Amino acid sequence: MKGFLDELKRRNVVRVGIAYIVVGWLVFQVGEVLFPTFGAPEWIFKSVILLIALGFPFALVFAWAFELTPEGVKKTEEVDASASITPSTGKRLNQITIVALVVALGYFVWQSQAEDPAGETGSEPVGHAVAAAVEETAEAVTSAQIQHTPPGQKTIAVLPFVNMSSSEEQEWFADGLTEEILNALARTPDLLVAARTSSFVYKDSDKEVTEIADSLGVAHVLEGSVRRSGDRLRVTAQLIRAGDGFHLWSQTYDRDFADLIDIQENVAFEIAN
């Protein structure tokens, strides 16, 4: 048994397995962000995951049966042990693994800051309760600021996005998208965002945007709509200057109707940017 384990190490099978797992995990994490961002169908990402999983045993078998030599790839049995370069190949695999781990660590730190830039933590129930209390307090303070502070240039209200169909599921999606955008904007430094309770008062309201902005005490209003046609979902967002009601920016986002929560997060992130 010991001889078999020693042979596994000599042929770099263990190193290949570790390097494959680290690089595969990194590809999975990056693909999870990039594929939805570029609007790639969900089946492409699933196919990549399947290929990574199926490729693992083949990589181990290849590392056992073949060896890399200066003349190219040869069967391990055909290579003289004294002329083998597996030690130097093992060092290269170690370097690849270390680089991949450093990149993975950097990606993990970046993702953590992107999802929670204020450094908020608390995965336990008590932490969730504290976070909820802080959020409610922040909404109350923001609402008070809106009522007693003249509107500045860096103030905005996100009005509930309009559901342009009769589907109740899409109504839920429109409200959820509004909340995602509101939360994303609230994390922007030096930007005052009207509280959700204040903005949702004007859901389905027929009041003018300038009137709504004046009552909320904001200089800008973000509004939009959600439409669905078959398996395609279209989200339209518009930024309006409250002073005169003119549009400053408008954008349309088309997505495949798949995971609604992922669509909410991705579109909210793009709109916040």
# chains A, B, ... in the order shown; residues from 1 in each chain; ligands from 1
>>> residues_around(residues="Val23 in chain A", least_positions_apart="5", cutoff="12 Å", atoms="only C-alpha atoms", output="number ranges by chain")
A: 16-18, 28-30, 52-53, 56, 93, 96-104
>>> residues_around(residues="Pro57 in chain A", least_positions_apart="5", cutoff="12 Å", atoms="only C-alpha atoms", output="VMD selection string")
chain A and resid 13 to 14 16 to 17 20 to 21 51 to 52 62 to 64
>>> write_last_selection(atoms="N, CA, C and O atoms", output="tab-separated table (two decimals), in the first residue's frame")
chain	number	residue	atom	x	y	z
A	13	VAL	N	0.10	12.55	-9.20
A	13	VAL	CA	-1.35	12.37	-9.28
A	13	VAL	C	-2.04	13.21	-8.20
A	13	VAL	O	-3.07	13.85	-8.45
A	14	VAL	N	-1.45	13.22	-7.00
A	14	VAL	CA	-2.04	14.00	-5.90
A	14	VAL	C	-2.00	15.48	-6.22
A	14	VAL	O	-2.99	16.21	-6.02
A	16	VAL	N	-1.86	16.90	-9.18
A	16	VAL	CA	-2.80	17.19	-10.26
A	16	VAL	C	-4.23	17.28	-9.72
A	16	VAL	O	-5.00	18.19	-10.09
A	17	GLY	N	-4.58	16.38	-8.81
A	17	GLY	CA	-5.92	16.41	-8.22
A	17	GLY	C	-6.19	17.69	-7.45
A	17	GLY	O	-7.24	18.31	-7.60
A	20	TYR	N	-6.40	20.64	-9.87
A	20	TYR	CA	-7.66	20.59	-10.63
A	20	TYR	C	-8.82	21.09	-9.79
A	20	TYR	O	-9.67	21.86	-10.27
A	21	ILE	N	-8.88	20.69	-8.53
A	21	ILE	CA	-9.98	21.11	-7.65
A	21	ILE	C	-9.95	22.62	-7.43
A	21	ILE	O	-10.98	23.30	-7.51
A	51	LEU	N	-18.91	19.55	-16.99
A	51	LEU	CA	-17.62	19.22	-17.60
A	51	LEU	C	-16.50	19.23	-16.56
A	51	LEU	O	-15.61	18.37	-16.59
A	52	ILE	N	-16.55	20.20	-15.64
A	52	ILE	CA	-15.54	20.25	-14.59
A	52	ILE	C	-15.61	19.00	-13.71
A	52	ILE	O	-14.58	18.39	-13.38
A	62	PHE	N	-5.12	10.39	-16.40
A	62	PHE	CA	-4.10	10.89	-17.32
A	62	PHE	C	-2.77	11.10	-16.58
A	62	PHE	O	-1.70	10.77	-17.10
A	63	ALA	N	-2.86	11.67	-15.37
A	63	ALA	CA	-1.64	11.91	-14.58
A	63	ALA	C	-0.96	10.60	-14.20
A	63	ALA	O	0.27	10.53	-14.10
A	64	TRP	N	-1.74	9.54	-14.00
A	64	TRP	CA	-1.17	8.25	-13.63
A	64	TRP	C	-0.56	7.54	-14.84
A	64	TRP	O	0.53	6.96	-14.75
>>> closest_residue(among="A:Glu171, A:Asp254, A:Glu180, A:Asp190", to="Lys203 in chain A", atoms="only C-alpha atoms")
A:Glu171
>>> atom_distance(atom1="CA of Phe173 in chain A", atom2="CA of Leu185 in chain A")
18.2 Å
>>> atom_distance(atom1="CA of Arg255 in chain A", atom2="CA of Arg187 in chain A")
24.7 Å
